[in-house]
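Undergrad: To be precise about what I am sending: the file is called my_file-v8.pdb and holds PDB, C-alpha atoms.
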```
ATOM      1  CA  MET A   1       0.000   0.000   0.000
ATOM      2  CA  TRP A   2       2.855   2.395   0.792
ATOM      3  CA  ALA A   3       4.296   1.781  -2.680
ATOM      4  CA  PHE A   4       0.881   2.517  -4.217
ATOM      5  CA  LEU A   5       0.580   5.690  -2.136
ATOM      6  CA  GLY A   6       4.038   6.730  -3.321
ATOM      7  CA  SER A   7       2.868   6.396  -6.929
ATOM      8  CA  ASP A   8      -0.337   8.263  -6.090
ATOM      9  CA  VAL A   9       1.789  11.126  -4.725
ATOM     10  CA  MET A  10       3.258  11.481  -8.236
ATOM     11  CA  PHE A  11      -0.209  11.158  -9.778
ATOM     12  CA  PHE A  12      -1.740  13.979  -7.729
ATOM     13  CA  GLY A  13       1.515  15.953  -7.912
ATOM     14  CA  ALA A  14       1.143  16.078 -11.691
ATOM     15  CA  PHE A  15      -2.374  17.528 -11.474
ATOM     16  CA  ILE A  16      -1.505  19.992  -8.692
ATOM     17  CA  SER A  17       1.507  21.165 -10.719
ATOM     18  CA  THR A  18      -0.683  21.544 -13.799
ATOM     19  CA  TYR A  19      -3.073  23.685 -11.790
ATOM     20  CA  LEU A  20      -0.184  25.857 -10.583
ATOM     21  CA  VAL A  21       1.330  26.144 -14.071
ATOM     22  CA  TYR A  22      -1.947  27.449 -15.492
ATOM     23  CA  ARG A  23      -2.906  29.495 -12.428
ATOM     24  CA  GLY A  24      -3.948  33.008 -13.383
ATOM     25  CA  LYS A  25      -3.892  32.297 -17.125
ATOM     26  CA  SER A  26      -7.645  32.172 -17.742
ATOM     27  CA  LEU A  27      -8.744  34.631 -20.404
ATOM     28  CA  VAL A  28     -12.417  34.594 -19.444
ATOM     29  CA  GLY A  29     -14.255  34.314 -16.145
ATOM     30  CA  PRO A  30     -15.460  33.204 -13.726
ATOM     31  CA  TYR A  31     -12.159  33.651 -11.871
ATOM     32  CA  PRO A  32     -11.287  32.003  -8.515
ATOM     33  CA  SER A  33     -11.926  35.161  -6.471
ATOM     34  CA  GLU A  34     -15.409  35.405  -7.954
ATOM     35  CA  ILE A  35     -16.501  31.857  -7.306
ATOM     36  CA  LEU A  36     -14.632  29.982  -4.540
ATOM     37  CA  ASN A  37     -16.522  29.713  -1.263
ATOM     38  CA  ILE A  38     -13.984  29.346   1.551
ATOM     39  CA  PRO A  39     -16.397  28.959   4.519
ATOM     40  CA  ILE A  40     -18.267  26.066   2.869
ATOM     41  CA  THR A  41     -15.067  24.321   1.792
ATOM     42  CA  SER A  42     -13.621  24.778   5.290
ATOM     43  CA  VAL A  43     -16.556  22.801   6.673
ATOM     44  CA  SER A  44     -16.044  20.003   4.144
ATOM     45  CA  THR A  45     -12.304  19.996   4.972
ATOM     46  CA  PHE A  46     -13.170  19.654   8.648
ATOM     47  CA  VAL A  47     -15.533  16.775   7.803
ATOM     48  CA  LEU A  48     -12.780  14.922   5.938
ATOM     49  CA  LEU A  49     -10.269  15.483   8.757
ATOM     50  CA  MET A  50     -12.755  14.114  11.263
ATOM     51  CA  SER A  51     -13.353  11.093   9.038
ATOM     52  CA  SER A  52      -9.639  10.333   9.402
ATOM     53  CA  LEU A  53     -10.069  10.497  13.169
ATOM     54  CA  ALA A  54     -13.041   8.108  12.922
ATOM     55  CA  MET A  55     -10.944   5.790  10.748
ATOM     56  CA  VAL A  56      -8.124   5.517  13.243
ATOM     57  CA  LEU A  57     -10.599   4.959  16.093
ATOM     58  CA  GLY A  58     -12.357   2.248  14.065
ATOM     59  CA  LEU A  59      -9.054   0.489  13.476
ATOM     60  CA  HIS A  60      -8.165   0.770  17.148
ATOM     61  CA  TYR A  61     -11.417  -0.845  18.297
ATOM     62  CA  VAL A  62     -11.307  -3.595  15.664
ATOM     63  CA  LYS A  63      -7.783  -4.458  16.830
ATOM     64  CA  GLU A  64      -9.072  -4.487  20.402
ATOM     65  CA  GLY A  65     -11.777  -6.963  19.395
ATOM     66  CA  GLU A  66     -14.562  -4.509  20.251
ATOM     67  CA  LYS A  67     -16.769  -5.377  17.289
ATOM     68  CA  ASN A  68     -19.632  -2.949  17.854
ATOM     69  CA  LYS A  69     -17.444   0.089  18.472
ATOM     70  CA  GLY A  70     -15.266  -0.814  15.502
ATOM     71  CA  THR A  71     -18.281  -1.170  13.200
ATOM     72  CA  LEU A  72     -19.746   2.095  14.480
ATOM     73  CA  TRP A  73     -16.598   4.128  13.794
ATOM     74  CA  ILE A  74     -16.149   2.596  10.333
ATOM     75  CA  LEU A  75     -19.765   3.571   9.625
ATOM     76  CA  VAL A  76     -18.942   7.101  10.801
ATOM     77  CA  VAL A  77     -16.145   7.134   8.197
ATOM     78  CA  VAL A  78     -18.642   6.108   5.515
ATOM     79  CA  ILE A  79     -21.129   8.781   6.593
ATOM     80  CA  LEU A  80     -18.523  11.557   6.779
ATOM     81  CA  GLY A  81     -17.167  10.475   3.388
ATOM     82  CA  LEU A  82     -20.682  10.710   1.943
ATOM     83  CA  VAL A  83     -21.129  14.153   3.527
ATOM     84  CA  PHE A  84     -17.874  15.297   1.914
ATOM     85  CA  MET A  85     -19.047  13.966  -1.456
ATOM     86  CA  GLY A  86     -22.327  15.805  -0.943
ATOM     87  CA  PHE A  87     -20.448  19.069  -0.339
ATOM     88  CA  GLN A  88     -18.447  18.497  -3.512
ATOM     89  CA  PHE A  89     -21.575  17.728  -5.538
ATOM     90  CA  VAL A  90     -23.278  20.908  -4.296
ATOM     91  CA  GLU A  91     -20.135  22.940  -5.017
ATOM     92  CA  PHE A  92     -19.820  21.570  -8.561
ATOM     93  CA  ARG A  93     -23.508  22.236  -9.235
ATOM     94  CA  GLU A  94     -23.201  25.778  -7.874
ATOM     95  CA  PHE A  95     -20.144  26.453 -10.032
ATOM     96  CA  ALA A  96     -21.930  25.138 -13.112
ATOM     97  CA  HIS A  97     -24.868  27.380 -12.242
ATOM     98  CA  LEU A  98     -22.478  30.353 -12.078
ATOM     99  CA  GLY A  99     -21.036  29.452 -15.456
ATOM    100  CA  LEU A 100     -17.886  27.538 -14.524
ATOM    101  CA  THR A 101     -17.523  24.138 -16.193
ATOM    102  CA  PRO A 102     -14.413  22.206 -17.296
ATOM    103  CA  ARG A 103     -14.810  23.819 -20.734
ATOM    104  CA  THR A 104     -15.271  27.424 -19.595
ATOM    105  CA  ASN A 105     -11.651  28.412 -19.017
ATOM    106  CA  ILE A 106      -8.273  27.024 -17.971
ATOM    107  CA  PHE A 107      -9.151  27.492 -14.289
ATOM    108  CA  GLY A 108     -12.304  25.404 -14.748
ATOM    109  CA  THR A 109     -10.423  22.647 -16.582
ATOM    110  CA  THR A 110      -7.616  22.300 -14.039
ATOM    111  CA  PHE A 111      -9.927  22.775 -11.042
ATOM    112  CA  PHE A 112     -12.517  20.190 -12.056
ATOM    113  CA  ILE A 113      -9.938  17.598 -13.115
ATOM    114  CA  LEU A 114      -7.979  17.853  -9.850
ATOM    115  CA  THR A 115     -10.943  17.985  -7.467
ATOM    116  CA  GLY A 116     -12.878  15.474  -9.580
ATOM    117  CA  ILE A 117     -10.073  12.900  -9.415
ATOM    118  CA  HIS A 118      -9.839  13.470  -5.672
ATOM    119  CA  GLY A 119     -13.616  13.012  -5.448
ATOM    120  CA  ALA A 120     -13.272   9.726  -7.356
ATOM    121  CA  HIS A 121     -10.706   8.581  -4.780
ATOM    122  CA  VAL A 122     -13.133   9.503  -1.962
ATOM    123  CA  THR A 123     -15.925   7.570  -3.711
ATOM    124  CA  ILE A 124     -13.751   4.449  -3.995
ATOM    125  CA  GLY A 125     -12.799   4.867  -0.320
ATOM    126  CA  VAL A 126     -16.430   5.168   0.772
ATOM    127  CA  ILE A 127     -17.393   1.977  -1.112
ATOM    128  CA  TRP A 128     -14.368   0.174   0.371
ATOM    129  CA  MET A 129     -15.261   1.345   3.896
ATOM    130  CA  ALA A 130     -18.895   0.334   3.455
ATOM    131  CA  PHE A 131     -17.774  -3.220   2.622
ATOM    132  CA  LEU A 132     -15.461  -3.246   5.646
ATOM    133  CA  ALA A 133     -18.238  -1.940   7.921
ATOM    134  CA  TYR A 134     -20.425  -4.795   6.724
ATOM    135  CA  SER A 135     -17.547  -7.270   7.247
ATOM    136  CA  SER A 136     -17.023  -5.965  10.765
ATOM    137  CA  HIS A 137     -20.734  -6.205  11.505
ATOM    138  CA  ASN A 138     -21.021  -9.832  10.415
ATOM    139  CA  GLY A 139     -17.780 -10.837  12.132
ATOM    140  CA  ALA A 140     -15.639 -11.377   9.046
ATOM    141  CA  LEU A 141     -13.364  -8.482  10.032
ATOM    142  CA  ARG A 142     -11.729  -9.276  13.345
ATOM    143  CA  ALA A 143      -8.661  -8.398  15.366
ATOM    144  CA  ASP A 144      -6.634 -11.159  13.711
ATOM    145  CA  ASN A 145      -7.224  -9.842  10.183
ATOM    146  CA  ALA A 146      -7.422  -6.127  11.028
ATOM    147  CA  LEU A 147      -4.619  -5.567   8.526
ATOM    148  CA  ASP A 148      -7.337  -5.365   5.840
ATOM    149  CA  LEU A 149      -8.800  -2.356   7.635
ATOM    150  CA  GLU A 150      -5.363  -0.865   8.282
ATOM    151  CA  ILE A 151      -4.556  -0.943   4.558
ATOM    152  CA  ALA A 152      -7.903   0.670   3.710
ATOM    153  CA  GLY A 153      -7.209   3.211   6.441
ATOM    154  CA  LEU A 154      -3.876   4.158   4.874
ATOM    155  CA  TYR A 155      -5.699   4.823   1.616
ATOM    156  CA  TRP A 156      -8.330   6.899   3.402
ATOM    157  CA  HIS A 157      -5.768   9.000   5.284
ATOM    158  CA  PHE A 158      -3.889   9.554   2.039
ATOM    159  CA  VAL A 159      -7.057  10.924   0.439
ATOM    160  CA  ASP A 160      -7.270  13.227   3.452
ATOM    161  CA  ILE A 161      -3.713  14.559   3.126
ATOM    162  CA  VAL A 162      -4.190  15.160  -0.600
ATOM    163  CA  TRP A 163      -7.201  17.290   0.310
ATOM    164  CA  ILE A 164      -5.090  19.191   2.865
ATOM    165  CA  VAL A 165      -2.809  20.203  -0.019
ATOM    166  CA  ILE A 166      -5.690  20.934  -2.418
ATOM    167  CA  PHE A 167      -7.497  23.048   0.182
ATOM    168  CA  THR A 168      -4.367  25.121   0.779
ATOM    169  CA  VAL A 169      -3.227  25.484  -2.831
ATOM    170  CA  ILE A 170      -6.528  25.894  -4.665
ATOM    171  CA  TYR A 171      -8.849  27.361  -2.100
ATOM    172  CA  LEU A 172      -6.846  29.416   0.394
ATOM    173  CA  ILE A 173      -4.008  30.583  -1.852
ATOM    174  CA  SER A 174      -5.857  30.903  -5.164
ATOM    175  CA  ALA A 175      -9.069  32.355  -3.733
ATOM    176  CA  ASN A 176      -7.551  35.815  -4.043
ATOM    177  CA  ASP A 177      -6.766  35.368  -7.744
ATOM    178  CA  ALA A 178      -8.684  38.262  -9.241
ATOM    179  CA  PRO A 179      -9.453  38.780 -12.931
ATOM    180  CA  PRO A 180      -6.631  40.373 -14.937
ATOM    181  CA  PRO A 181      -6.844  44.197 -15.127
ATOM    182  CA  GLY A 182      -9.534  45.254 -17.566
ATOM    183  CA  MET A 183     -11.165  41.813 -17.627
ATOM    184  CA  GLU A 184     -13.419  42.210 -14.601
ATOM    185  CA  SER A 185     -16.582  42.598 -16.627
ATOM    186  CA  ILE A 186     -15.910  39.615 -18.887
ATOM    187  CA  THR A 187     -17.740  36.549 -17.642
ATOM    188  CA  HIS A 188     -18.852  33.440 -19.364
TER
ATOM    189  CA  MET B 189     -15.311  15.221  34.093
ATOM    190  CA  ALA B 190     -12.454  13.297  35.651
ATOM    191  CA  SER B 191     -13.966  10.073  34.334
ATOM    192  CA  LEU B 192     -14.212  11.511  30.806
ATOM    193  CA  TRP B 193     -10.576  12.615  30.991
ATOM    194  CA  ARG B 194      -9.498   9.128  32.040
ATOM    195  CA  LYS B 195     -11.522   7.552  29.239
ATOM    196  CA  LEU B 196      -9.947   9.885  26.709
ATOM    197  CA  THR B 197      -6.361   9.634  27.792
ATOM    198  CA  HIS B 198      -5.878   6.348  29.585
ATOM    199  CA  HIS B 199      -5.722   2.722  28.623
ATOM    200  CA  ASP B 200      -5.484  -0.159  31.092
ATOM    201  CA  GLY B 201      -4.835   2.334  33.855
ATOM    202  CA  ASN B 202      -1.925   4.035  32.111
ATOM    203  CA  GLY B 203      -1.931   7.474  30.505
ATOM    204  CA  TRP B 204      -0.762   7.584  26.913
ATOM    205  CA  TRP B 205       2.267   9.582  28.070
ATOM    206  CA  ASN B 206       3.371   6.822  30.420
ATOM    207  CA  LEU B 207       2.957   3.527  28.616
ATOM    208  CA  PRO B 208       5.437   0.711  28.092
ATOM    209  CA  HIS B 209       8.282   1.281  25.689
ATOM    210  CA  THR B 210       8.588  -0.864  22.601
ATOM    211  CA  ALA B 211      11.206  -0.756  19.872
ATOM    212  CA  SER B 212       9.944   1.280  16.925
ATOM    213  CA  ASN B 213      10.838  -1.382  14.374
ATOM    214  CA  GLU B 214       8.282  -3.838  15.709
ATOM    215  CA  PRO B 215       5.210  -3.652  13.488
ATOM    216  CA  ASN B 216       2.106  -2.303  15.212
ATOM    217  CA  PRO B 217       2.820  -3.149  18.838
ATOM    218  CA  PRO B 218      -0.341  -2.504  20.846
ATOM    219  CA  TYR B 219      -1.068  -0.040  23.614
ATOM    220  CA  GLU B 220       2.028   2.056  23.309
ATOM    221  CA  GLY B 221       2.324   5.743  23.961
ATOM    222  CA  PRO B 222       3.550   8.072  21.230
ATOM    223  CA  ILE B 223       5.902   9.930  23.509
ATOM    224  CA  GLY B 224       6.906   7.565  26.262
ATOM    225  CA  GLY B 225       7.628   7.923  29.953
ATOM    226  CA  ALA B 226       9.455  11.187  30.428
ATOM    227  CA  TRP B 227       7.949  13.810  28.149
ATOM    228  CA  LEU B 228      10.911  16.056  27.573
ATOM    229  CA  GLY B 229      13.546  13.374  27.753
ATOM    230  CA  ASN B 230      11.897  11.478  24.927
ATOM    231  CA  ILE B 231      11.287  14.315  22.499
ATOM    232  CA  TRP B 232      14.533  13.634  20.687
ATOM    233  CA  ARG B 233      13.599   9.978  20.330
ATOM    234  CA  ILE B 234      10.312  10.938  18.673
ATOM    235  CA  PHE B 235      12.126  12.702  15.885
ATOM    236  CA  THR B 236      14.779  10.043  15.544
ATOM    237  CA  HIS B 237      12.444   7.050  15.417
ATOM    238  CA  GLY B 238      13.830   5.880  18.706
ATOM    239  CA  GLY B 239      10.609   6.588  20.552
ATOM    240  CA  VAL B 240       7.807   4.284  21.417
ATOM    241  CA  SER B 241       4.846   3.051  19.542
ATOM    242  CA  HIS B 242       1.074   3.180  19.201
ATOM    243  CA  ALA B 243      -1.276   5.527  20.950
ATOM    244  CA  GLY B 244      -4.784   5.083  22.300
ATOM    245  CA  PRO B 245      -8.087   6.790  21.447
ATOM    246  CA  GLY B 246      -7.326   9.761  23.708
ATOM    247  CA  PHE B 247      -4.211  10.592  21.750
ATOM    248  CA  TYR B 248      -6.090  10.271  18.448
ATOM    249  CA  TRP B 249      -8.759  12.676  19.730
ATOM    250  CA  LEU B 250      -6.041  15.159  20.647
ATOM    251  CA  ILE B 251      -4.520  14.908  17.162
ATOM    252  CA  GLY B 252      -8.025  15.394  15.681
ATOM    253  CA  LEU B 253      -8.496  18.488  17.852
ATOM    254  CA  PHE B 254      -5.102  19.793  16.747
ATOM    255  CA  LEU B 255      -6.037  19.305  13.069
ATOM    256  CA  ALA B 256      -9.358  21.099  13.584
ATOM    257  CA  ILE B 257      -7.658  24.035  15.343
ATOM    258  CA  VAL B 258      -5.026  24.375  12.604
ATOM    259  CA  THR B 259      -7.797  24.393   9.974
ATOM    260  CA  LEU B 260      -9.607  27.120  11.935
ATOM    261  CA  VAL B 261      -6.392  29.174  12.089
ATOM    262  CA  GLU B 262      -5.984  28.769   8.312
ATOM    263  CA  VAL B 263      -9.506  30.032   7.679
ATOM    264  CA  TRP B 264      -8.932  32.899  10.127
ATOM    265  CA  LEU B 265      -5.724  33.848   8.288
ATOM    266  CA  PHE B 266      -7.729  33.963   5.058
ATOM    267  CA  GLY B 267      -9.746  36.844   6.487
ATOM    268  CA  VAL B 268      -6.793  38.732   7.984
ATOM    269  CA  GLU B 269      -5.666  41.720   5.947
ATOM    270  CA  GLY B 270      -2.140  43.060   5.836
ATOM    271  CA  LEU B 271      -0.254  39.759   5.963
ATOM    272  CA  GLY B 272       1.263  40.522   2.571
ATOM    273  CA  SER B 273       4.058  38.174   1.594
ATOM    274  CA  TRP B 274       3.672  36.267   4.887
ATOM    275  CA  TYR B 275       0.282  34.862   3.863
ATOM    276  CA  ILE B 276       1.378  32.007   1.579
ATOM    277  CA  PRO B 277       4.368  30.832   3.701
ATOM    278  CA  LEU B 278       2.153  30.816   6.812
ATOM    279  CA  LEU B 279      -0.488  28.727   5.033
ATOM    280  CA  LEU B 280       2.136  26.324   3.731
ATOM    281  CA  ILE B 281       3.586  25.865   7.236
ATOM    282  CA  LEU B 282       0.129  25.205   8.723
ATOM    283  CA  SER B 283      -0.690  22.827   5.881
ATOM    284  CA  LEU B 284       2.597  21.003   6.513
ATOM    285  CA  LEU B 285       1.702  20.671  10.207
ATOM    286  CA  LYS B 286      -1.613  19.013   9.308
ATOM    287  CA  PHE B 287       0.083  16.824   6.715
ATOM    288  CA  VAL B 288       2.669  15.600   9.220
ATOM    289  CA  GLY B 289       0.001  15.129  11.905
ATOM    290  CA  VAL B 290      -2.032  12.796   9.691
ATOM    291  CA  VAL B 291       0.904  10.931   8.141
ATOM    292  CA  ALA B 292       2.882  10.466  11.355
ATOM    293  CA  PHE B 293       0.100   9.548  13.764
ATOM    294  CA  PHE B 294      -3.075   8.559  11.880
ATOM    295  CA  MET B 295      -1.138   6.661   9.204
ATOM    296  CA  HIS B 296       1.186   5.272  11.922
ATOM    297  CA  LEU B 297       4.274   6.168   9.927
ATOM    298  CA  ARG B 298       5.836   7.452  13.115
ATOM    299  CA  PHE B 299       5.439   4.002  14.674
ATOM    300  CA  ASP B 300       5.979   1.681  11.710
ATOM    301  CA  HIS B 301       9.097   0.262  10.163
ATOM    302  CA  ARG B 302      11.455   2.911   8.782
ATOM    303  CA  LEU B 303      11.233   1.353   5.329
ATOM    304  CA  PHE B 304       7.715   2.802   4.961
ATOM    305  CA  THR B 305       8.947   6.252   5.920
ATOM    306  CA  TYR B 306      11.742   5.994   3.351
ATOM    307  CA  LEU B 307       9.310   4.745   0.674
ATOM    308  CA  PHE B 308       6.792   7.521   1.197
ATOM    309  CA  GLY B 309       9.415  10.186   1.944
ATOM    310  CA  ALA B 310      11.386   9.312  -1.189
ATOM    311  CA  SER B 311       8.300   9.601  -3.392
ATOM    312  CA  MET B 312       7.517  12.975  -1.800
ATOM    313  CA  VAL B 313      11.066  14.251  -2.368
ATOM    314  CA  VAL B 314      11.222  12.993  -5.971
ATOM    315  CA  GLY B 315       7.727  14.348  -6.689
ATOM    316  CA  ILE B 316       8.403  17.781  -5.214
ATOM    317  CA  PHE B 317      11.770  17.967  -7.013
ATOM    318  CA  ILE B 318      10.355  17.033 -10.436
ATOM    319  CA  PHE B 319       7.331  19.294 -10.167
ATOM    320  CA  THR B 320       9.392  22.228  -8.862
ATOM    321  CA  LEU B 321      11.679  21.825 -11.874
ATOM    322  CA  LEU B 322       8.629  21.723 -14.130
ATOM    323  CA  LEU B 323       7.219  24.904 -12.609
ATOM    324  CA  LEU B 324      10.577  26.703 -12.889
ATOM    325  CA  LEU B 325      11.028  25.530 -16.472
ATOM    326  CA  LEU B 326       7.600  26.754 -17.509
ATOM    327  CA  GLU B 327       8.107  30.042 -15.647
ATOM    328  CA  PHE B 328      11.570  30.888 -16.956
ATOM    329  CA  GLY B 329      12.251  28.412 -19.777
ATOM    330  CA  ASN B 330      10.368  30.237 -22.512
ATOM    331  CA  GLN B 331      11.919  33.668 -22.065
ATOM    332  CA  PRO B 332      12.696  35.249 -25.456
ATOM    333  CA  PRO B 333      16.421  35.842 -26.010
ATOM    334  CA  ASN B 334      17.609  39.409 -25.380
TER
END
```
Would you mind giving the structure from this file in structure tokens?
TA:
Amino acid sequence: MWAFLGSDVMFFGAFISTYLVYRGKSLVGPYPSEILNIPITSVSTFVLLMSSLAMVLGLHYVKEGEKNKGTLWILVVVILGLVFMGFQFVEFREFAHLGLTPRTNIFGTTFFILTGIHGAHVTIGVIWMAFLAYSSHNGALRADNALDLEIAGLYWHFVDIVWIVIFTVIYLISANDAPPPGMESITH
Amino acid sequence: MASLWRKLTHHDGNGWWNLPHTASNEPNPPYEGPIGGAWLGNIWRIFTHGGVSHAGPGFYWLIGLFLAIVTLVEVWLFGVEGLGSWYIPLLLILSLLKFVGVVAFFMHLRFDHRLFTYLFGASMVVGIFIFTLLLLLLEFGNQPPN
């Protein structure tokens, strides 16, 4: 799993670099400063961080042989993952409503590809966790084979740390990227 | 309140700061504190992989609280005016703190075999190096000759 995560670092690094290379090069709006909603994204970031906490607690209790607590915390991971996906769905829909799609400008293309691929990783993680919650509930996931959950947990935490970088680079740093001088009135 | 504190920070009667020591190269030893017996005396061992191993739920809650507080500080910084050129470095430092918090403690890298740290660390170093070169090349590589 660590080798896979190492390769995934390169994978996301390529998309984050692409975003940075093309940052501020959009010729038409909407621009980041006009569209990014930091308070909402902060809440979804908090949700994902807390899902990592739930993950590590779930693993702890499964290793302890406390089946019910383990199942409960894995279910919390699933629920928080779904909440995060819900935030992302609402954000994408809102952006589309405001005229930003992957085809609108270079910001839209790089933004949707990066956050969309991250969202796909979250979706895979949620499905994986749902299976593990079911396995824990019916007794197939126990202390002696908790490595299965630990490996899934590594994947889930990795998705979390990628979002830490995305939240900083795209949202907090780029949110002040205003339209180029003279382009303020040009929107899609 | 005292009972809640004990539930959060203790396991089998021991606080997470005072749990048995186990060599860091043993995979996933149970019930170990992240810092060890003597707080200050063991700080060096934490950074040198000579410390002790796994933590309990109380420690994980504290890390979660730390991550939440750092996120709040980041959002607060977003609204602060007059930071100027300090803004981006401050955000990057806070982001790095969260990154290390999750990787070291939630992903157990701090407690696992060093090979995993080398594997993940090497991919981070290679990735950052390649993508920094790419960014520099695209920023300065296409300058027209004078």
Undergrad: Taking all atoms listed in the file into account and nothing else, which residues of chain A lie no more than 7 Å away from chain B? Please answer as a list in words.
TA: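 Every residue meeting the condition is included here: Trp2, Ala3, Gly6, Val9, Met10, Gly13, Ser17, Val21, Phe46, Met50, Leu53, Val56, Leu57, Leu154, His157, Ile161, Ile164, Val165, Thr168, Leu172 and Ile173 of chain A.
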Undergrad: Evaluate the PyMOL selection byres ((chain A and resi 105) around 10) against this structure - the residues, as a CSV table (one decimal) with C-alpha atoms, in the coordinates of the input, please.
TA:
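Final output, expr39.csv:
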```
chain,number,residue,atom,x,y,z
A,25,LYS,CA,-3.9,32.3,-17.1
A,26,SER,CA,-7.6,32.2,-17.7
A,27,LEU,CA,-8.7,34.6,-20.4
A,28,VAL,CA,-12.4,34.6,-19.4
A,29,GLY,CA,-14.3,34.3,-16.1
A,30,PRO,CA,-15.5,33.2,-13.7
A,31,TYR,CA,-12.2,33.7,-11.9
A,100,LEU,CA,-17.9,27.5,-14.5
A,101,THR,CA,-17.5,24.1,-16.2
A,102,PRO,CA,-14.4,22.2,-17.3
A,103,ARG,CA,-14.8,23.8,-20.7
A,104,THR,CA,-15.3,27.4,-19.6
A,106,ILE,CA,-8.3,27.0,-18.0
A,107,PHE,CA,-9.2,27.5,-14.3
A,108,GLY,CA,-12.3,25.4,-14.7
A,109,THR,CA,-10.4,22.6,-16.6
A,110,THR,CA,-7.6,22.3,-14.0
A,111,PHE,CA,-9.9,22.8,-11.0
A,188,HIS,CA,-18.9,33.4,-19.4
```
Undergrad: May I have the residues within 12 Å of A:Ile124 as a ChimeraX atom specification, using all atoms listed in the file and disregarding those fewer than 6 positions away in the same chain?
TA: /A:78,81-82,85,117-118,130-131,152,155-156,159
Undergrad: Mind pulling up the distance from atom CA of A:Gly153 to atom CA of A:His137?
TA: 17.2 Å
Undergrad: Edge lengths and centre in Å to one decimal, as AutoDock Vina command-line options, is what I'm after for the box along x, y and z that holds all listed atoms of stretch 274-292 of chain B once 5 Å is added on each side.
TA:
```
--center_x 1.2 --center_y 23.4 --center_z 6.7 --size_x 16.4 --size_y 35.8 --size_z 20.3
```
Undergrad: If you count all atoms listed in the file, which residues fall within 9 Å of A:Asp160, apart from same-chain ones fewer than 6 positions away, as a list in words?
TA: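 Once the adjacent positions are removed, what remains is Thr45, Leu48, Leu49, Ser51, Ser52 and Val122 of chain A; Phe287 and Val290 of chain B.
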Undergrad: To one decimal place, how far is atom CA of A:Ser42 from atom CA of A:Phe12 in Å?
TA: 20.7 Å
Undergrad: Quick one, how far is atom CA of A:Gln88 from atom CA of A:Gly119?
TA: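 Atom-to-atom, atom CA of A:Gln88 to atom CA of A:Gly119, that is 7.6 Å.
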Undergrad: Counting all atoms listed in the file, which of B:Phe247, B:Leu285, B:Leu321, B:Phe328 gets nearest to B:Val261?
TA: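 Comparing B:Phe247, B:Leu285, B:Leu321, B:Phe328 against B:Val261, the winner is B:Leu285.
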Undergrad: Apply the PyMOL selection byres ((chain A and resi 58) around 9) to the structure shown and report the selected residues as a ChimeraX atom specification.
TA: /A:53-57,59-63,69-77,149
Undergrad: May I have the protein, DNA and RNA residues with any atom at most 8 Å from the point (-10.8, 34.2, -10.3), counting all atoms listed in the file, written as a list in words?
TA: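 In the file's frame, the residues around the point are Gly24, Gly29, Pro30, Tyr31, Pro32, Ser33, Glu34, Ile35, Phe107, Ser174, Ala175, Asn176, Asp177, Ala178 and Pro179 of chain A.
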